[in-house]
$ cat data07.cif   # mmCIF, C-alpha atoms and all ligand atoms
data_start
#
loop_
_atom_site.label_atom_id
_atom_site.label_comp_id
_atom_site.auth_asym_id
_atom_site.auth_seq_id
_atom_site.Cartn_x
_atom_site.Cartn_y
_atom_site.Cartn_z
CA MET A 3 57.92 -13.58 22.38
CA LYS A 4 60.63 -15.76 20.78
CA ASN A 5 58.10 -17.40 18.47
CA SER A 6 59.56 -18.79 15.31
CA PRO A 7 59.06 -16.14 12.60
CA PRO A 8 57.74 -16.99 9.15
CA ILE A 9 60.61 -17.29 6.67
CA LYS A 10 60.04 -15.36 3.47
CA ASP A 11 60.95 -16.82 0.14
CA PRO A 12 63.08 -14.14 -1.55
CA ARG A 13 61.85 -15.24 -4.98
CA THR A 14 58.38 -13.93 -4.06
CA TRP A 15 59.65 -10.41 -3.40
CA THR A 16 58.86 -7.85 -6.04
CA GLY A 17 61.50 -6.73 -8.51
CA GLU A 18 61.68 -3.13 -7.39
CA ALA A 19 63.72 -1.83 -10.29
CA SER A 20 60.54 -1.26 -12.25
CA LEU A 21 58.36 0.12 -9.43
CA ASP A 22 56.74 3.50 -9.94
CA GLU A 23 56.63 6.11 -7.17
CA HIS A 24 53.14 5.19 -5.99
CA ASP A 25 54.01 1.50 -5.66
CA GLN A 26 57.18 2.39 -3.79
CA VAL A 27 55.25 4.43 -1.22
CA GLN A 28 52.84 1.51 -0.75
CA LEU A 29 55.73 -0.90 -0.33
CA ARG A 30 57.53 1.45 2.07
CA ASP A 31 54.51 2.08 4.28
CA ALA A 32 53.60 -1.62 4.42
CA GLY A 33 57.23 -2.33 5.37
CA ILE A 34 57.10 0.28 8.14
CA ARG A 35 53.85 -1.11 9.60
CA GLU A 36 55.15 -4.67 9.52
CA ALA A 37 58.59 -3.77 10.95
CA VAL A 38 57.17 -1.75 13.86
CA ALA A 39 54.53 -4.37 14.71
CA TYR A 40 57.13 -7.16 14.58
CA ALA A 41 59.62 -5.23 16.76
CA ALA A 42 56.90 -4.38 19.28
CA THR A 43 55.96 -8.02 19.76
CA HIS A 44 59.28 -9.84 19.23
CA SER A 45 62.08 -7.51 20.41
CA PRO A 46 62.50 -7.17 24.19
CA PHE A 47 64.21 -3.80 23.62
CA TYR A 48 61.41 -2.27 21.52
CA ASN A 49 58.69 -3.94 23.59
CA ARG A 50 60.05 -2.20 26.70
CA LEU A 51 60.81 1.09 24.92
CA PHE A 52 57.31 1.35 23.44
CA ALA A 53 55.75 0.58 26.88
CA GLU A 54 57.96 3.14 28.66
CA GLU A 55 57.32 5.85 26.07
CA GLN A 56 53.63 4.94 25.74
CA ILE A 57 54.02 4.36 22.01
CA ASP A 58 51.12 2.70 20.23
CA ALA A 59 52.79 0.58 17.53
CA GLU A 60 49.53 0.36 15.57
CA ALA A 61 49.46 4.15 15.20
CA VAL A 62 52.68 3.98 13.17
CA THR A 63 51.29 3.51 9.68
CA ASP A 64 53.61 5.42 7.31
CA ALA A 65 56.89 7.33 6.95
CA ARG A 66 55.48 10.44 8.65
CA THR A 67 54.17 8.67 11.77
CA LEU A 68 57.41 6.67 11.97
CA GLU A 69 59.18 9.98 12.64
CA SER A 70 57.45 10.14 16.04
CA LEU A 71 59.46 7.13 17.26
CA PRO A 72 62.74 7.60 19.13
CA PHE A 73 66.06 6.81 17.44
CA THR A 74 68.03 3.65 18.11
CA THR A 75 71.74 4.36 18.59
CA LYS A 76 74.94 2.34 18.39
CA GLY A 77 75.18 3.03 22.13
CA ASP A 78 71.84 1.20 22.67
CA LEU A 79 73.18 -1.79 20.73
CA GLY A 80 76.41 -1.77 22.72
CA ARG A 81 74.70 -1.58 26.12
CA LEU A 82 71.68 -3.80 25.49
CA GLY A 83 72.82 -6.06 22.62
CA ARG A 84 70.87 -9.25 23.40
CA ASP A 85 67.68 -7.33 24.14
CA PHE A 86 67.48 -6.64 20.39
CA TRP A 87 67.43 -10.34 19.51
CA CYS A 88 63.94 -11.40 18.45
CA VAL A 89 64.42 -15.15 18.05
CA GLY A 90 65.76 -18.04 20.10
CA ASP A 91 69.22 -19.53 19.52
CA ASP A 92 67.69 -22.45 17.61
CA GLN A 93 66.61 -20.01 14.87
CA ILE A 94 70.02 -18.37 14.43
CA VAL A 95 72.19 -19.75 11.66
CA ASP A 96 74.99 -17.12 11.57
CA ILE A 97 76.43 -14.45 13.83
CA SER A 98 78.41 -11.70 12.11
CA THR A 99 80.15 -8.83 13.86
CA THR A 100 80.80 -5.19 13.04
CA SER A 101 84.44 -4.35 12.32
CA GLY A 102 84.76 -2.65 15.72
CA THR A 103 87.04 0.20 14.64
CA SER A 104 85.74 2.07 17.68
CA GLY A 105 85.03 0.00 20.76
CA GLU A 106 83.64 -3.52 21.07
CA PRO A 107 82.22 -5.09 17.90
CA THR A 108 78.44 -5.49 17.80
CA LEU A 109 77.08 -9.01 17.32
CA TYR A 110 74.69 -9.37 14.39
CA PRO A 111 72.65 -12.62 14.47
CA MET A 112 70.78 -13.89 11.39
CA THR A 113 68.12 -16.51 10.73
CA ALA A 114 67.92 -18.48 7.47
CA GLY A 115 65.35 -15.90 6.33
CA ASP A 116 67.79 -13.08 7.16
CA ILE A 117 70.50 -14.69 5.02
CA ALA A 118 67.99 -14.90 2.15
CA ARG A 119 67.15 -11.21 2.69
CA LEU A 120 70.86 -10.32 2.81
CA GLY A 121 71.34 -12.12 -0.49
CA ARG A 122 68.25 -10.47 -1.92
CA ASN A 123 69.81 -7.09 -1.20
CA GLU A 124 72.96 -7.98 -3.13
CA PHE A 125 70.91 -9.68 -5.86
CA LEU A 126 69.20 -6.32 -6.46
CA SER A 127 72.45 -4.36 -6.03
CA PHE A 128 74.42 -6.51 -8.48
CA GLN A 129 71.52 -6.24 -10.92
CA CYS A 130 71.93 -2.44 -10.62
CA ALA A 131 75.58 -2.88 -11.62
CA GLY A 132 74.52 -4.97 -14.63
CA ILE A 133 75.85 -8.33 -13.40
CA ALA A 134 74.14 -11.34 -14.96
CA ARG A 135 73.96 -15.10 -14.63
CA ALA A 136 76.54 -15.73 -17.36
CA ASP A 137 79.20 -13.55 -15.66
CA THR A 138 82.15 -14.80 -13.64
CA VAL A 139 82.73 -12.67 -10.54
CA LEU A 140 85.88 -12.71 -8.44
CA LEU A 141 85.32 -11.93 -4.74
CA ALA A 142 88.50 -10.37 -3.37
CA VAL A 143 86.96 -9.67 0.02
CA THR A 144 87.31 -11.22 3.45
CA MET A 145 85.03 -14.25 3.46
CA ASP A 146 85.56 -15.20 7.11
CA ARG A 147 86.42 -13.38 10.38
CA CYS A 148 82.67 -12.91 10.99
CA PHE A 149 82.41 -10.18 8.33
CA ILE A 150 78.93 -9.92 6.85
CA ALA A 151 79.97 -8.46 3.47
CA GLY A 152 81.64 -11.54 1.94
CA LEU A 153 78.68 -13.70 2.92
CA ALA A 154 76.27 -11.11 1.48
CA TYR A 155 78.06 -10.92 -1.89
CA TYR A 156 78.33 -14.68 -2.17
CA GLU A 157 74.65 -15.20 -1.36
CA GLY A 158 73.59 -12.42 -3.76
CA LEU A 159 75.64 -13.85 -6.62
CA ARG A 160 74.27 -17.31 -5.86
CA GLN A 161 70.74 -15.86 -6.25
CA ILE A 162 71.75 -14.30 -9.58
CA GLY A 163 73.41 -17.55 -10.66
CA SER A 164 76.83 -16.05 -11.58
CA THR A 165 80.02 -18.08 -11.28
CA VAL A 166 81.87 -17.00 -8.12
CA LEU A 167 85.63 -17.16 -7.44
CA ARG A 168 86.18 -16.73 -3.68
CA CYS A 169 89.79 -15.52 -3.82
CA GLY A 170 89.78 -13.47 -0.61
CA ALA A 171 91.67 -10.24 -0.07
CA GLY A 172 95.15 -11.41 0.81
CA ALA A 173 97.28 -12.44 -2.15
CA PRO A 174 97.64 -10.29 -5.32
CA GLY A 175 99.60 -13.07 -7.08
CA HIS A 176 96.84 -15.65 -6.57
CA LEU A 177 94.22 -13.14 -7.68
CA LEU A 178 96.07 -12.33 -10.90
CA ALA A 179 96.60 -16.02 -11.63
CA MET A 180 92.85 -16.61 -11.26
CA VAL A 181 92.14 -13.62 -13.54
CA GLU A 182 94.42 -15.08 -16.21
CA LYS A 183 93.04 -18.60 -15.86
CA LEU A 184 89.28 -18.01 -15.47
CA ARG A 185 88.85 -14.56 -17.05
CA PRO A 186 86.33 -13.00 -14.62
CA LYS A 187 84.39 -9.98 -15.88
CA VAL A 188 83.90 -8.46 -12.43
CA ILE A 189 85.97 -8.07 -9.25
CA VAL A 190 84.42 -7.10 -5.90
CA SER A 191 87.03 -5.64 -3.54
CA VAL A 192 88.38 -2.77 -1.45
CA PRO A 193 89.75 0.03 -3.71
CA SER A 194 93.15 0.30 -1.99
CA PHE A 195 93.66 -3.48 -2.42
CA LEU A 196 92.76 -3.27 -6.12
CA LYS A 197 95.40 -0.55 -6.49
CA ILE A 198 97.99 -2.86 -4.85
CA VAL A 199 96.98 -5.68 -7.23
CA GLY A 200 97.41 -3.36 -10.23
CA GLU A 201 100.85 -2.25 -9.01
CA PHE A 202 101.89 -5.83 -8.28
CA GLY A 203 100.78 -6.80 -11.79
CA ALA A 204 102.87 -3.99 -13.30
CA SER A 205 105.92 -5.17 -11.33
CA GLN A 206 105.44 -8.65 -12.86
CA GLY A 207 104.95 -7.30 -16.38
CA ILE A 208 101.17 -7.95 -16.32
CA SER A 209 98.88 -5.10 -17.37
CA VAL A 210 95.53 -5.38 -15.57
CA ALA A 211 94.14 -2.83 -18.05
CA GLY A 212 94.33 -5.51 -20.73
CA SER A 213 92.69 -8.21 -18.56
CA SER A 214 89.18 -9.67 -18.84
CA VAL A 215 87.98 -7.44 -15.96
CA GLU A 216 85.39 -4.88 -17.11
CA LYS A 217 83.81 -3.89 -13.78
CA LEU A 218 85.15 -3.18 -10.30
CA ILE A 219 82.64 -3.18 -7.45
CA CYS A 220 84.36 -1.14 -4.76
CA ILE A 221 83.54 -1.54 -1.09
CA GLY A 222 84.70 -0.14 2.24
CA GLU A 223 86.36 3.06 1.03
CA PRO A 224 84.94 6.11 -0.74
CA LEU A 225 85.46 6.37 -4.48
CA ARG A 226 83.70 9.63 -5.11
CA ALA A 227 83.45 13.23 -3.87
CA ALA A 228 80.14 14.80 -2.80
CA ASP A 229 79.32 15.69 -6.44
CA HIS A 230 79.86 12.04 -7.51
CA SER A 231 83.11 12.82 -9.37
CA LEU A 232 85.83 10.22 -8.83
CA ASN A 233 88.30 10.93 -6.02
CA PRO A 234 92.06 10.49 -6.69
CA LEU A 235 91.95 6.78 -5.75
CA GLY A 236 88.97 6.29 -8.10
CA GLU A 237 90.84 8.01 -10.94
CA ILE A 238 93.90 5.83 -10.39
CA LEU A 239 91.81 2.62 -10.42
CA LYS A 240 89.91 3.60 -13.53
CA ALA A 241 93.12 4.30 -15.46
CA GLN A 242 94.97 1.30 -14.00
CA TRP A 243 92.27 -1.31 -14.72
CA ASN A 244 90.53 0.36 -17.70
CA ALA A 245 87.27 -0.75 -16.04
CA GLU A 246 83.94 0.70 -15.02
CA LEU A 247 83.78 1.54 -11.29
CA PHE A 248 80.79 0.98 -9.02
CA SER A 249 80.81 2.16 -5.44
CA THR A 250 78.80 0.23 -2.88
CA TYR A 251 78.23 1.13 0.74
CA GLY A 252 76.85 -1.21 3.37
CA ILE A 253 76.18 -1.28 7.09
CA THR A 254 76.40 -4.51 9.09
CA GLU A 255 73.68 -3.56 11.59
CA LEU A 256 71.23 -2.99 8.72
CA ALA A 257 72.31 -6.07 6.70
CA THR A 258 71.79 -3.80 3.70
CA SER A 259 73.96 -2.09 1.13
CA PHE A 260 73.43 0.53 -1.55
CA CYS A 261 75.12 -0.04 -4.91
CA GLU A 262 75.54 2.31 -7.83
CA CYS A 263 74.18 1.60 -11.28
CA ASP A 264 76.29 2.60 -14.30
CA ALA A 265 75.16 6.22 -13.93
CA GLY A 266 77.51 6.37 -10.90
CA ALA A 267 75.36 8.94 -9.14
CA GLY A 268 74.42 7.41 -5.79
CA GLY A 269 73.71 3.93 -4.46
CA HIS A 270 70.18 2.70 -5.16
CA LEU A 271 67.99 1.89 -2.16
CA HIS A 272 65.71 -1.14 -2.32
CA PRO A 273 62.30 -0.15 -0.90
CA SER A 274 61.27 -3.69 0.08
CA LEU A 275 64.29 -3.98 2.38
CA LEU A 276 64.78 -0.65 4.09
CA HIS A 277 63.46 2.84 4.72
CA ALA A 278 66.02 5.66 4.89
CA GLU A 279 65.74 9.11 6.45
CA ILE A 280 68.25 11.94 6.58
CA VAL A 281 68.17 14.00 9.79
CA ASP A 282 69.90 17.16 10.99
CA GLU A 283 71.81 17.67 14.24
CA GLU A 284 68.52 18.05 16.15
CA GLY A 285 67.15 14.83 14.65
CA ARG A 286 64.68 16.57 12.31
CA THR A 287 64.13 15.20 8.81
CA VAL A 288 65.81 17.35 6.15
CA PRO A 289 64.60 17.86 2.55
CA GLY A 290 65.97 15.72 -0.30
CA GLY A 291 69.46 16.69 -1.41
CA GLN A 292 70.42 18.20 1.96
CA VAL A 293 73.27 16.62 3.91
CA GLY A 294 72.53 15.00 7.24
CA GLU A 295 72.86 11.74 9.13
CA LEU A 296 71.51 8.56 7.57
CA VAL A 297 68.85 6.93 9.76
CA ALA A 298 67.34 3.63 8.65
CA THR A 299 64.58 1.15 9.49
CA THR A 300 65.03 -2.43 8.26
CA PHE A 301 62.21 -4.42 6.67
CA GLY A 302 61.83 -8.19 6.76
CA VAL A 303 64.61 -8.79 9.31
CA GLU A 304 63.78 -11.58 11.73
CA ALA A 305 66.64 -11.84 14.24
CA MET A 306 67.64 -8.21 14.89
CA PRO A 307 65.37 -5.65 13.22
CA LEU A 308 66.20 -2.01 13.89
CA ILE A 309 63.83 0.94 13.94
CA ARG A 310 65.20 4.42 13.13
CA PHE A 311 68.83 3.36 13.58
CA ARG A 312 71.30 6.26 13.58
CA THR A 313 74.16 5.11 11.37
CA GLY A 314 76.45 8.04 12.20
CA ASP A 315 77.20 8.41 8.46
CA MET A 316 76.67 11.79 6.79
CA THR A 317 75.20 11.75 3.31
CA TYR A 318 72.17 12.88 1.32
CA LEU A 319 69.22 11.32 -0.51
CA ARG A 320 68.40 11.85 -4.17
CA ARG A 321 64.79 11.22 -5.09
CA GLU A 322 64.64 12.30 -8.73
CA GLN A 323 64.62 9.58 -11.39
CA CYS A 324 68.07 8.17 -12.13
CA GLU A 325 69.62 8.15 -15.60
CA CYS A 326 69.26 4.35 -15.53
CA GLY A 327 65.48 4.76 -15.41
CA ARG A 328 64.99 3.57 -11.83
CA VAL A 329 62.94 5.79 -9.57
CA THR A 330 64.21 4.25 -6.33
CA PRO A 331 65.92 6.78 -4.02
CA ARG A 332 69.71 6.95 -4.07
CA ILE A 333 72.14 7.52 -1.22
CA GLY A 334 74.87 10.02 -2.15
CA PRO A 335 78.54 9.35 -1.35
CA ILE A 336 79.27 9.07 2.37
CA LEU A 337 80.86 12.39 3.26
CA GLY A 338 82.08 11.37 6.70
CA ARG A 339 81.09 10.31 10.19
CA ARG A 340 78.76 12.58 12.14
CA ASN A 341 81.11 12.62 15.11
CA GLN A 342 84.00 13.59 12.82
CA MET A 343 82.20 16.66 11.47
CA MET A 344 84.19 19.84 12.09
CA LYS A 345 82.95 23.43 12.31
CA ILE A 346 85.78 25.68 11.28
CA LYS A 347 85.04 29.39 11.21
CA GLY A 348 81.39 28.61 10.40
CA THR A 349 82.21 26.13 7.61
CA THR A 350 81.25 22.47 7.97
CA LEU A 351 84.06 20.13 7.03
CA TYR A 352 84.67 16.37 7.06
CA PRO A 353 88.07 14.66 7.22
CA SER A 354 87.25 12.79 3.99
CA ALA A 355 87.11 16.08 2.06
CA VAL A 356 90.54 17.10 3.35
CA GLN A 357 91.86 13.61 2.64
CA ARG A 358 90.59 13.73 -0.95
CA ILE A 359 92.57 16.91 -1.63
CA LEU A 360 95.74 15.80 0.15
CA ASP A 361 95.68 12.44 -1.68
CA GLY A 362 95.63 14.40 -4.94
CA ILE A 363 98.76 16.48 -4.18
CA GLU A 364 101.78 14.66 -5.56
CA GLY A 365 104.27 16.38 -3.26
CA VAL A 366 102.48 15.11 -0.14
CA ARG A 367 103.94 11.84 1.11
CA ASP A 368 101.72 11.27 4.15
CA TYR A 369 99.75 13.28 6.68
CA VAL A 370 97.68 13.26 9.82
CA MET A 371 94.85 15.64 10.79
CA VAL A 372 94.47 16.77 14.39
CA VAL A 373 91.29 18.55 15.40
CA THR A 374 90.91 20.45 18.67
CA SER A 375 88.12 22.58 20.06
CA PRO A 376 89.49 25.71 21.71
CA THR A 377 85.96 27.11 22.11
CA PRO A 378 82.68 25.14 22.23
CA LEU A 379 81.39 26.52 18.92
CA SER A 380 84.51 26.38 16.83
CA ASP A 381 87.01 23.68 15.97
CA GLU A 382 90.58 24.10 14.89
CA LEU A 383 92.27 21.80 12.39
CA GLU A 384 95.99 21.31 12.16
CA ILE A 385 97.44 19.07 9.45
CA LEU A 386 100.85 17.53 9.93
CA VAL A 387 102.34 16.81 6.52
CA ALA A 388 105.39 14.86 5.38
CA LEU A 389 106.55 16.06 1.96
CA VAL A 390 108.23 14.04 -0.76
CA ASP A 391 110.82 16.80 -1.23
CA GLU A 392 111.03 19.53 1.40
CA VAL A 393 113.15 21.76 -0.83
CA ALA A 394 110.74 21.77 -3.78
CA GLU A 395 107.48 21.86 -1.80
CA SER A 396 106.29 23.97 1.10
CA SER A 397 103.52 24.27 3.65
CA GLU A 398 102.24 27.32 1.69
CA MET A 399 101.66 25.18 -1.40
CA VAL A 400 99.63 22.62 0.59
CA GLY A 401 97.74 25.40 2.40
CA HIS A 402 96.80 27.14 -0.85
CA ARG A 403 95.49 23.93 -2.42
CA LEU A 404 93.34 23.23 0.63
CA GLN A 405 92.05 26.79 0.90
CA GLY A 406 91.17 26.85 -2.78
CA GLU A 407 88.85 23.87 -2.46
CA LEU A 408 87.68 23.95 1.16
CA LYS A 409 87.21 27.73 1.59
CA VAL A 410 88.99 27.52 4.94
CA LYS A 411 92.73 27.38 5.56
CA PRO A 412 93.80 24.83 8.16
CA ARG A 413 97.14 25.20 9.94
CA ILE A 414 99.84 23.18 8.18
CA ARG A 415 102.93 21.87 9.96
CA ILE A 416 105.66 20.09 8.01
CA GLU A 417 106.97 17.04 9.87
CA SER A 418 109.29 14.13 9.14
CA ILE A 419 107.69 10.90 7.92
CA GLU A 420 108.79 9.22 11.18
CA ASN A 421 106.87 11.78 13.25
CA ILE A 422 103.77 11.42 11.06
CA GLU A 423 103.82 7.65 11.50
CA ARG A 424 104.26 8.02 15.26
CA PHE A 425 101.17 10.26 15.36
CA GLN A 426 99.19 7.86 13.17
CA HIS A 427 99.75 5.05 15.66
CA SER A 428 99.48 7.12 18.84
CA GLN A 429 95.99 5.88 19.68
CA ASN A 430 97.00 2.22 19.92
CA LEU A 431 94.39 1.19 17.36
CA ARG A 432 95.21 -1.57 14.90
CA LYS A 433 94.65 0.62 11.87
CA LYS A 434 96.73 3.73 11.30
CA GLN A 435 94.75 6.90 11.98
CA ARG A 436 94.85 9.90 9.70
CA PHE A 437 92.29 11.76 11.78
CA ILE A 438 92.94 12.39 15.46
CA ASP A 439 90.08 13.94 17.38
CA ARG A 440 91.13 15.86 20.48
CA ARG A 441 87.77 17.52 21.09
CA ALA A 442 85.58 16.61 24.07
CA ALA A 443 83.91 13.20 23.52
CA PRO A 444 80.68 13.45 21.49
CA LEU A 445 77.40 12.74 23.30
CA HIS A 446 76.39 9.69 21.24
ZN ZN B 1 70.54 4.37 -11.48
#
$ encode --input "data07.cif" --output "structure tokens" --more "lines below"
Ligand SMILES: [Zn+2]
Amino acid sequence: MKNSPPIKDPRTWTGEASLDEHDQVQLRDAGIREAVAYAATHSPFYNRLFAEEQIDAEAVTDARTLESLPFTTKGDLGRLGRDFWCVGDDQIVDISTTSGTSGEPTLYPMTAGDIARLGRNEFLSFQCAGIARADTVLLAVTMDRCFIAGLAYYEGLRQIGSTVLRCGAGAPGHLLAMVEKLRPKVIVSVPSFLKIVGEFGASQGISVAGSSVEKLICIGEPLRAADHSLNPLGEILKAQWNAELFSTYGITELATSFCECDAGAGGHLHPSLLHAEIVDEEGRTVPGGQVGELVATTFGVEAMPLIRFRTGDMTYLRREQCECGRVTPRIGPILGRRNQMMKIKGTTLYPSAVQRILDGIEGVRDYVMVVTSPTPLSDELEILVALVDEVAESSEMVGHRLQGELKVKPRIRIESIENIERFQHSQNLRKKQRFIDRRAAPLH
């Protein structure tokens, strides 16, 4: 154990955009065999788990046999963090952390090879979004604070050879000045920050719609509904910037992200880097197109590889060929967190779906959702809403809009904006909460 792993040269990895289905299966199964064998011999956690569960790593040869292995959970990572580390400290060149919105952040160590793999992922993702060597790309993301994303984008763009402007996510004025001076074609940022930049520009008499920016790569927040149509924030950005939108979704623990191509119909998966499964509540694999929890196994990771990691994110896989010509699987929009899923009168519902509708109602100023579980099999959702104008709007109007789209009618209670804000900060978390879960704690 703790032997120095061979570092792969990312330039030798295959360009998977052009792979056919047969080659992808070969690549996937080879990745699975290598990942399981490496984890069994290098990871104290998997070494012990496989011994305890009498798992023969050599018998795991493809996607089907992989399904016989137990899941790895965020709870495992939290309890046994260092047992997942496969290399000695002398091999580690960076330690990133998860954002830690719930509980302690997880440490994510990387070797030089892992940074190359991280960059390779973004190299392929940015290629999907049509970014080329001659382009100038402005990174309006957090580059420090141990976030993995900024590092990943920078490394990926370096592999492409684009010109990078590391503006960070703090100052709209600085960003607009850089746009005017250096005329970037692409901005990578969080959608709500891009909206603030657009509004700031308008207040200064600068129209971002007329700027050099043609593409917005949007991270960290959903841009689309389950059917891939733009959500209200996506619509605002598209009109405001007059730019093409690409949604990308990444997970720190997997050091992998999935980015849309210009078809905008799911983030492409790169088969040399990761294998994805979608499982139901009982942990069984579901057919393509069906919603379930994303479970993933990383390939080529040296410091902290994960086998069948339960992400907690609910989505679906599309396997049919994409309009862009690629046959790599695509991950649909993230519909919500598994532990936020609600069962209301037999209908499955995620807070993000409710949020999408409420964000689209002009008369709604702000809101907070509170879910309770009066009986074990059924949840109850109450939405506290502050209206822009209480005389012109009513709880019935909000209720009808929700019922029309969700097929269930949550309880609506009109509250003052002060009360809504008090609720949003009642859990003493740094970020304001629009979803308050008062059900019994989930098992995982
Ligand atoms: Zn595509």
$ residues_near_ligand --input "data07.cif" --ligand "ligand ZN 1 (chain B)" --cutoff "10 Å" --atoms "all atoms listed in the file" --output "count of residues only"
24
$ residues_around --input "data07.cif" --residues "Ala241 in chain A" --least-positions-apart "4" --cutoff "10 Å" --atoms "all atoms listed in the file" --output "number ranges by chain"
A: 210-211, 236-237, 245-246
$ residues_around --input "data07.cif" --residues "Asp282 in chain A" --least-positions-apart "6" --cutoff "7 Å" --atoms "all atoms listed in the file" --output "list in words"
Val288, Gly294 and Glu295 of chain A
$ residues_around --input "data07.cif" --residues "Ile198 in chain A" --least-positions-apart "5" --cutoff "12 Å" --atoms "only C-alpha atoms" --output "PyMOL selection string"
chain A and resi 171-175+177-178+191-193+203-205+210+235+238-239+242-243
$ atom_distance --input "data07.cif" --atom1 "CA of Asp64 in chain A" --atom2 "CA of Ala41 in chain A"
15.5 Å
$ closest_residue --input "data07.cif" --among "A:Ala151, A:Val356, A:Val181, A:Val139" --to "Ser164 in chain A" --atoms "all atoms listed in the file"
A:Val139
$ closest_residue --input "data07.cif" --among "A:Glu392, A:Asp78, A:Glu382, A:Asp31" --to "Leu308 in chain A" --atoms "all atoms listed in the file"
A:Asp78
$ atom_distance --input "data07.cif" --atom1 "CA of Glu182 in chain A" --atom2 "CA of Phe248 in chain A"
22.3 Å
$ closest_residue --input "data07.cif" --among "A:Pro186, A:Gly362, A:Gly33, A:Gly252" --to "Phe301 in chain A" --atoms "all atoms listed in the file"
A:Gly33
$ atom_distance --input "data07.cif" --atom1 "CA of Val27 in chain A" --atom2 "CA of Ala39 in chain A"
18.2 Å
$ decode --input "data07.cif" --residues "range 158-170 of chain A" --atoms "N, CA, C and O atoms" --output "mmCIF file, in the first residue's frame"
data_model
loop_
_atom_site.group_PDB
_atom_site.id
_atom_site.type_symbol
_atom_site.label_atom_id
_atom_site.label_comp_id
_atom_site.auth_asym_id
_atom_site.auth_seq_id
_atom_site.Cartn_x
_atom_site.Cartn_y
_atom_site.Cartn_z
ATOM 1 N N GLY A 158 -8.260 22.906 -17.374
ATOM 2 C CA GLY A 158 -8.870 22.458 -18.633
ATOM 3 C C GLY A 158 -8.606 23.437 -19.771
ATOM 4 O O GLY A 158 -8.271 23.047 -20.888
ATOM 5 N N LEU A 159 -8.733 24.729 -19.467
ATOM 6 C CA LEU A 159 -8.499 25.748 -20.495
ATOM 7 C C LEU A 159 -7.026 25.801 -20.872
ATOM 8 O O LEU A 159 -6.671 26.050 -22.013
ATOM 9 N N ARG A 160 -6.159 25.546 -19.885
ATOM 10 C CA ARG A 160 -4.719 25.492 -20.165
ATOM 11 C C ARG A 160 -4.433 24.343 -21.136
ATOM 12 O O ARG A 160 -3.633 24.481 -22.051
ATOM 13 N N GLN A 161 -5.133 23.203 -20.950
ATOM 14 C CA GLN A 161 -4.933 22.064 -21.863
ATOM 15 C C GLN A 161 -5.466 22.392 -23.264
ATOM 16 O O GLN A 161 -4.920 21.938 -24.265
ATOM 17 N N ILE A 162 -6.547 23.169 -23.327
ATOM 18 C CA ILE A 162 -7.058 23.577 -24.647
ATOM 19 C C ILE A 162 -6.116 24.606 -25.272
ATOM 20 O O ILE A 162 -5.887 24.604 -26.479
ATOM 21 N N GLY A 163 -5.574 25.483 -24.432
ATOM 22 C CA GLY A 163 -4.677 26.529 -24.933
ATOM 23 C C GLY A 163 -5.366 27.881 -25.085
ATOM 24 O O GLY A 163 -4.805 28.797 -25.688
ATOM 25 N N SER A 164 -6.596 28.016 -24.528
ATOM 26 C CA SER A 164 -7.318 29.298 -24.597
ATOM 27 C C SER A 164 -6.620 30.333 -23.714
ATOM 28 O O SER A 164 -5.846 29.983 -22.833
ATOM 29 N N THR A 165 -6.958 31.608 -23.948
ATOM 30 C CA THR A 165 -6.455 32.674 -23.076
ATOM 31 C C THR A 165 -7.424 32.807 -21.901
ATOM 32 O O THR A 165 -8.624 32.943 -22.105
ATOM 33 N N VAL A 166 -6.894 32.763 -20.676
ATOM 34 C CA VAL A 166 -7.777 32.778 -19.500
ATOM 35 C C VAL A 166 -7.647 34.095 -18.741
ATOM 36 O O VAL A 166 -6.544 34.578 -18.506
ATOM 37 N N LEU A 167 -8.800 34.666 -18.355
ATOM 38 C CA LEU A 167 -8.826 35.856 -17.488
ATOM 39 C C LEU A 167 -9.410 35.410 -16.150
ATOM 40 O O LEU A 167 -10.601 35.116 -16.052
ATOM 41 N N ARG A 168 -8.572 35.344 -15.111
ATOM 42 C CA ARG A 168 -9.047 34.856 -13.807
ATOM 43 C C ARG A 168 -9.615 36.015 -12.993
ATOM 44 O O ARG A 168 -8.967 36.531 -12.095
ATOM 45 N N CYS A 169 -10.832 36.437 -13.310
ATOM 46 C CA CYS A 169 -11.408 37.619 -12.663
ATOM 47 C C CYS A 169 -11.979 37.323 -11.277
ATOM 48 O O CYS A 169 -12.118 38.214 -10.467
ATOM 49 N N GLY A 170 -12.374 36.073 -11.026
ATOM 50 C CA GLY A 170 -13.019 35.766 -9.746
ATOM 51 C C GLY A 170 -14.474 36.196 -9.763
ATOM 52 O O GLY A 170 -14.952 36.768 -10.751
#
